[in-house]
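Right, one structure below, let's go through it.
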Amino acid sequence: MTRFSQRLPEAFFDRPQARVRERLAAEGLDALLTDHPEDIAYLTGFFHHPSERPVAVWIDAEGRTVMLLPELEREYALSQSSRAELVAFPEFPGVVPPFSFLAAVVGGGPRRIGFTTMMTTERLLAAQRAFDGASWHPTELVTRARYVKFREEIELHREAARVTDRMLVSAVALIRDAVSNGGALPSEAELASHVASVGTGIMYAEHDDVVVSSFQAGGLVYTGDNSSYPHGLPSERRLAPGDTFMLSLGCAVGGRFVEGERTFVLGTPSPQQRAFHETVRRAQEAGGRAIAAGAECREPNRICLDVIRGAGFGEHLRHRQGHGIGLGMHEPPWLEDGDDTVLEAGMIVSNEPGIYIPGHAGYRISDSMLVTESGAEALTSYPRGLDDCTVEL
């Protein structure tokens with residue numbers, strides 16, 4: 001069997017850097033500074049554990065890419081073939097402040113420097129003190145550059161979708177085995193632990209150069225009325241006959257995320273469960289058809305959620321249709337009424353309408369969708385209909 005490599009080649013990162021550099025000129029900037037871990041991974045291939053010690057990437061219009069990092073991270077960055085000139089500082093807070101080491105290498109002067117809007121005020125002030133004479137301008141330049149995925153990134157997302165589908169299959173199999181054996185049904189926490197183990201196990205068995213990012217594999221598992229909390233955490237509650245239960249799963253391959261969510265019923269579904277589930281399924285189907293290059297994000301959101309409103313369940317809506325996915329599980333653009341971003345081929349967004357009935361359950365179906373010129377492709381493929389999402393007793 002051909003093994004899948006999660007690590008992108010070092011030369012790949014010249015392309016995201018070039019994309020960002022082209023946008024510097026469009027925004028009238030001489031350079032950009034970002035300390036967001038996802039931006040750093042996108043631009044250089046360096047994945048790290050963020051801490052009080054700053055790690056930041058500098059890109060300027062002259063073609064220079066420099067990464068500031070603590071000395072204790074230098075060898076780790078080299079082991080990942082990080083695509084940047086490395087500038088290390090001894091320790092934090094340091095006798096000499098960390099950003100002074102960066103300024104000494106790239107030079108000072110009256111430059112227009114863009115900075116990520118995700119940077120903390122403390123970190124920004126530290127950078128500003130090191131660059132006398134520069135003017136600082138908040139920008140979402142890198143965030144927007146990340147919207148459209150390169151071909152190599154899409155392949156990572158596809159593999160994450162394959163693993164996510166297998167995680168869903170494994171969770172259902174665990175429940176069916178418990179039913180067949182007549183033993184105790186699994187708890188939410190046990191199911192969550194199981195799928196995380198399955199997802200990471202697949203990676204280490206079938207992949208080379210596994211990238212451990214902020215979240216590798218797992219998800220949220222809700223049963224019964226616990227599933228009426230859209231982002232509730234798994235508990236010790238055990239599945240019970242008649243429950244609606246939700247498996248909200250996902251993983252990251254090469255740091256690129258996918259989510260796949262399905263809602264199930266344990267036992268024979270009631271008419272009420274069928275009505276709720278089918279409404280969400282139809283909404284998700286309509287929302288998926290509406291996702292296409294050229295559409296504003298708010299438009300598929302309206303089409304999707306109008307199905308739920310039209311069925312008389314609008315009072316049970318708690319959230320938008322979806323969000324962007326990439327190096328973050330949740331990132332812009334947002335499929336929501338307030339976002340007029342125009343979708344482009346190569347973007348990946350979630351399609352996840354849901355309804356939540358307090359005291360009863362929640363119903364949500366989600367796929368990660370690759371935007372194409374003619375529509376959208378669901379990367380995750382586990383069946384969505386209730387007949388396929390029923391676990392018989």
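Just remember, in the structure tokens the first chain shown is A, the second B, etc., residues are 1-based per chain, and ligands are 1-based in the order shown.
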key: Exercise: range 113-115 of chain A partners within 8 Å, only C-alpha atoms, chain neighbours under 5 positions left out, as a list in words   =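 My reading of the contact set: Leu29, Asp30, Ala31, Leu32, Leu33, Thr34, Ala134, Ser135, Trp136, His137, Pro138 and Thr139 of chain A.
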Just list the residues in range 85-128 of chain A DSSP gives strand (DSSP E or B) on the backbone, as a PDB file with all heavy atoms, in the first residue's frame.
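See out14.pdb below for the written result:
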```
ATOM      1  N   GLU A  85      14.314  32.368   6.804  1.00  0.00           N
ATOM      2  CA  GLU A  85      15.571  32.682   7.483  1.00  0.00           C
ATOM      3  C   GLU A  85      15.262  32.745   8.980  1.00  0.00           C
ATOM      4  O   GLU A  85      14.323  33.425   9.398  1.00  0.00           O
ATOM      5  CB  GLU A  85      16.072  34.028   6.963  1.00  0.00           C
ATOM      6  CG  GLU A  85      17.318  34.545   7.622  1.00  0.00           C
ATOM      7  CD  GLU A  85      17.669  35.941   7.125  1.00  0.00           C
ATOM      8  OE1 GLU A  85      17.107  36.381   6.089  1.00  0.00           O
ATOM      9  OE2 GLU A  85      18.498  36.594   7.778  1.00  0.00           O
ATOM     10  N   LEU A  86      16.022  32.041   9.794  1.00  0.00           N
ATOM     11  CA  LEU A  86      15.726  31.966  11.226  1.00  0.00           C
ATOM     12  C   LEU A  86      16.546  32.982  12.006  1.00  0.00           C
ATOM     13  O   LEU A  86      17.760  33.109  11.815  1.00  0.00           O
ATOM     14  CB  LEU A  86      16.016  30.563  11.762  1.00  0.00           C
ATOM     15  CG  LEU A  86      15.296  29.393  11.080  1.00  0.00           C
ATOM     16  CD1 LEU A  86      15.614  28.083  11.790  1.00  0.00           C
ATOM     17  CD2 LEU A  86      13.787  29.627  11.028  1.00  0.00           C
ATOM     18  N   VAL A  87      15.850  33.704  12.884  1.00  0.00           N
ATOM     19  CA  VAL A  87      16.496  34.635  13.805  1.00  0.00           C
ATOM     20  C   VAL A  87      16.044  34.254  15.209  1.00  0.00           C
ATOM     21  O   VAL A  87      14.845  34.327  15.517  1.00  0.00           O
ATOM     22  CB  VAL A  87      16.118  36.092  13.500  1.00  0.00           C
ATOM     23  CG1 VAL A  87      16.674  37.022  14.572  1.00  0.00           C
ATOM     24  CG2 VAL A  87      16.621  36.507  12.129  1.00  0.00           C
ATOM     25  N   ALA A  88      16.988  33.844  16.047  1.00  0.00           N
ATOM     26  CA  ALA A  88      16.633  33.345  17.374  1.00  0.00           C
ATOM     27  C   ALA A  88      17.031  34.344  18.459  1.00  0.00           C
ATOM     28  O   ALA A  88      18.019  35.070  18.337  1.00  0.00           O
ATOM     29  CB  ALA A  88      17.305  32.002  17.621  1.00  0.00           C
ATOM     30  N   PHE A  89      16.249  34.347  19.539  1.00  0.00           N
ATOM     31  CA  PHE A  89      16.575  35.128  20.730  1.00  0.00           C
ATOM     32  C   PHE A  89      16.795  34.152  21.888  1.00  0.00           C
ATOM     33  O   PHE A  89      16.242  33.043  21.903  1.00  0.00           O
ATOM     34  CB  PHE A  89      15.471  36.144  21.046  1.00  0.00           C
ATOM     35  CG  PHE A  89      14.114  35.551  21.287  1.00  0.00           C
ATOM     36  CD1 PHE A  89      13.712  35.168  22.562  1.00  0.00           C
ATOM     37  CD2 PHE A  89      13.222  35.364  20.236  1.00  0.00           C
ATOM     38  CE1 PHE A  89      12.448  34.619  22.785  1.00  0.00           C
ATOM     39  CE2 PHE A  89      11.954  34.820  20.442  1.00  0.00           C
ATOM     40  CZ  PHE A  89      11.572  34.446  21.725  1.00  0.00           C
ATOM     41  N   ARG A 112       5.959  51.018   6.332  1.00  0.00           N
ATOM     42  CA  ARG A 112       4.575  50.695   6.642  1.00  0.00           C
ATOM     43  C   ARG A 112       4.497  49.178   6.864  1.00  0.00           C
ATOM     44  O   ARG A 112       4.672  48.398   5.925  1.00  0.00           O
ATOM     45  CB  ARG A 112       3.640  51.112   5.499  1.00  0.00           C
ATOM     46  CG  ARG A 112       3.500  52.623   5.328  1.00  0.00           C
ATOM     47  CD  ARG A 112       2.673  52.973   4.097  1.00  0.00           C
ATOM     48  NE  ARG A 112       1.357  52.333   4.118  1.00  0.00           N
ATOM     49  CZ  ARG A 112       0.279  52.809   4.740  1.00  0.00           C
ATOM     50  NH1 ARG A 112       0.368  53.947   5.421  1.00  0.00           N
ATOM     51  NH2 ARG A 112      -0.876  52.177   4.697  1.00  0.00           N
ATOM     52  N   ILE A 113       4.244  48.797   8.113  1.00  0.00           N
ATOM     53  CA  ILE A 113       4.231  47.387   8.473  1.00  0.00           C
ATOM     54  C   ILE A 113       2.801  46.957   8.796  1.00  0.00           C
ATOM     55  O   ILE A 113       2.129  47.564   9.636  1.00  0.00           O
ATOM     56  CB  ILE A 113       5.141  47.114   9.692  1.00  0.00           C
ATOM     57  CG1 ILE A 113       6.568  47.579   9.409  1.00  0.00           C
ATOM     58  CG2 ILE A 113       5.117  45.622  10.055  1.00  0.00           C
ATOM     59  CD1 ILE A 113       7.495  47.487  10.614  1.00  0.00           C
ATOM     60  N   GLY A 114       2.332  45.929   8.128  1.00  0.00           N
ATOM     61  CA  GLY A 114       1.043  45.346   8.451  1.00  0.00           C
ATOM     62  C   GLY A 114       1.207  44.303   9.545  1.00  0.00           C
ATOM     63  O   GLY A 114       2.230  43.630   9.627  1.00  0.00           O
ATOM     64  N   PHE A 115       0.189  44.177  10.389  1.00  0.00           N
ATOM     65  CA  PHE A 115       0.236  43.160  11.435  1.00  0.00           C
ATOM     66  C   PHE A 115      -1.110  42.441  11.508  1.00  0.00           C
ATOM     67  O   PHE A 115      -2.157  43.031  11.243  1.00  0.00           O
ATOM     68  CB  PHE A 115       0.603  43.758  12.802  1.00  0.00           C
ATOM     69  CG  PHE A 115      -0.414  44.716  13.367  1.00  0.00           C
ATOM     70  CD1 PHE A 115      -1.417  44.279  14.225  1.00  0.00           C
ATOM     71  CD2 PHE A 115      -0.371  46.068  13.036  1.00  0.00           C
ATOM     72  CE1 PHE A 115      -2.349  45.156  14.742  1.00  0.00           C
ATOM     73  CE2 PHE A 115      -1.304  46.960  13.554  1.00  0.00           C
ATOM     74  CZ  PHE A 115      -2.305  46.507  14.408  1.00  0.00           C
ATOM     75  N   THR A 116      -1.060  41.169  11.835  1.00  0.00           N
ATOM     76  CA  THR A 116      -2.285  40.394  11.912  1.00  0.00           C
ATOM     77  C   THR A 116      -3.205  40.928  12.999  1.00  0.00           C
ATOM     78  O   THR A 116      -2.749  41.306  14.086  1.00  0.00           O
ATOM     79  CB  THR A 116      -1.985  38.912  12.189  1.00  0.00           C
ATOM     80  OG1 THR A 116      -3.209  38.224  12.416  1.00  0.00           O
ATOM     81  CG2 THR A 116      -1.121  38.735  13.432  1.00  0.00           C
TER      82      THR A 116
END
```
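Among the candidates A:Leu191, A:Glu377, A:Phe215, A:Leu386, the one nearest to Pro271 in chain A when counting only C-alpha atoms is A:Leu386.
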request  = Run DSSP on the backbone of this structure and report the residues of range 139-379 of chain A it assigns to helix (DSSP H, G or I), as JSON, numbers by chain.
outcome  = {"A": [141, 142, 143, 144, 145, 151, 152, 153, 154, 155, 156, 157, 158, 159, 160, 161, 162, 163, 164, 165, 166, 167, 168, 169, 170, 171, 172, 173, 174, 175, 176, 177, 178, 179, 180, 181, 188, 189, 190, 191, 192, 193, 194, 195, 196, 197, 198, 199, 200, 201, 202, 203, 204, 205, 206, 224, 225, 226, 227, 228, 271, 272, 273, 274, 275, 276, 277, 278, 279, 280, 281, 282, 283, 284, 285, 286, 287, 288, 289, 290, 298, 299, 300, 301, 302, 303, 304, 305, 306, 307, 308, 309, 310, 314, 315, 316]}
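Each of A:Ala293, A:Val391, A:Ala192, A:Val307 was checked against Val349 in chain A using only C-alpha atoms; the smallest atom-to-atom distance is that of A:Ala293.
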task = Identify which of the residues A:Asp209, A:Glu91, A:Glu159, A:Glu352 lies closest to Arg281 in chain A, counting only C-alpha atoms when measuring atom-to-atom distances.
result = A:Glu352
inquiry  = Env of Asp177 in chain A: 12 Å cut, atoms = only C-alpha atoms, seq-sep filter 5 positions within chain, self excluded. Answer as a list of chain:residue names.
reply    =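 Within the cut-off, the hits are A:Ser170, A:Ala171, A:Val172, A:Gly182, A:Gly183, A:Ala184, A:Leu185, A:Pro186, A:Val391, A:Glu392, A:Leu393.
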task = For range 68-84 of chain A, list every protein, DNA or RNA residue within 9 Å, evaluated using only C-alpha atoms, and leave out those in the same chain fewer than 4 positions away; present the list as a ChimeraX atom specification.
result = /A:7,9-14,41,43-48,53-58,64,88-92,98-99,101-102
ask   = Which polymer residues have any atom within 9 Å of an atom of Glu190 in chain A, counting only C-alpha atoms, with same-chain residues fewer than 5 positions away left out, as an MDAnalysis selection string?
value = chainID A and resid 195 234:236 238
Can you tell me which residues surround Asp387 in chain A at a distance of at most 10 Å, considering only C-alpha atoms, apart from same-chain residues fewer than 5 positions away, and format the answer as an mmCIF file with N, CA, C and O atoms, in the first residue's frame?
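Heads up, here's the output in out.cif:
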```
data_model
loop_
_atom_site.group_PDB
_atom_site.id
_atom_site.type_symbol
_atom_site.label_atom_id
_atom_site.label_comp_id
_atom_site.auth_asym_id
_atom_site.auth_seq_id
_atom_site.Cartn_x
_atom_site.Cartn_y
_atom_site.Cartn_z
ATOM 1 N N PHE A 264 -27.877 10.621 14.643
ATOM 2 C CA PHE A 264 -28.381 9.249 14.631
ATOM 3 C C PHE A 264 -29.528 9.087 15.623
ATOM 4 O O PHE A 264 -29.722 9.912 16.515
ATOM 5 N N VAL A 265 -30.238 7.985 15.465
ATOM 6 C CA VAL A 265 -31.250 7.576 16.439
ATOM 7 C C VAL A 265 -30.948 6.144 16.844
ATOM 8 O O VAL A 265 -30.663 5.291 15.994
ATOM 9 N N THR A 268 -36.004 2.552 16.998
ATOM 10 C CA THR A 268 -36.954 2.984 15.967
ATOM 11 C C THR A 268 -37.253 4.464 16.114
ATOM 12 O O THR A 268 -37.734 4.902 17.169
ATOM 13 N N PRO A 269 -36.988 5.273 15.089
ATOM 14 C CA PRO A 269 -37.246 6.718 15.198
ATOM 15 C C PRO A 269 -38.733 7.015 15.355
ATOM 16 O O PRO A 269 -39.577 6.372 14.722
ATOM 17 N N ARG A 274 -38.126 11.783 13.053
ATOM 18 C CA ARG A 274 -38.039 11.758 11.589
ATOM 19 C C ARG A 274 -38.244 13.157 10.999
ATOM 20 O O ARG A 274 -37.548 13.559 10.068
#
```
Do you know which residues are at most 6 Å from Val258 in chain A counting only C-alpha atoms, after dropping those on the same chain fewer than 5 positions away, and could you put them as a compact mmCIF listing (two decimals) with N, CA, C and O atoms, in the first residue's frame?
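Output (out-v5.txt):
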```
# COMPACT_ATOMS: atom_id res chain seq x y z
N ALA A 160 -7.99 13.97 5.08
CA ALA A 160 -8.64 14.20 6.38
C ALA A 160 -10.10 13.79 6.32
O ALA A 160 -10.65 13.25 7.30
N ALA A 161 -10.75 14.01 5.18
CA ALA A 161 -12.15 13.60 5.02
C ALA A 161 -12.27 12.09 5.04
O ALA A 161 -13.20 11.53 5.64
N GLY A 250 -14.02 15.12 13.43
CA GLY A 250 -13.12 15.73 12.47
C GLY A 250 -11.69 15.41 12.78
O GLY A 250 -11.37 14.80 13.81
N CYS A 251 -10.80 15.81 11.89
CA CYS A 251 -9.37 15.59 12.12
C CYS A 251 -8.59 16.56 11.24
O CYS A 251 -9.15 17.26 10.39
N SER A 368 -17.72 18.96 4.92
CA SER A 368 -16.77 19.95 4.45
C SER A 368 -16.85 19.99 2.93
O SER A 368 -16.71 18.96 2.27
```
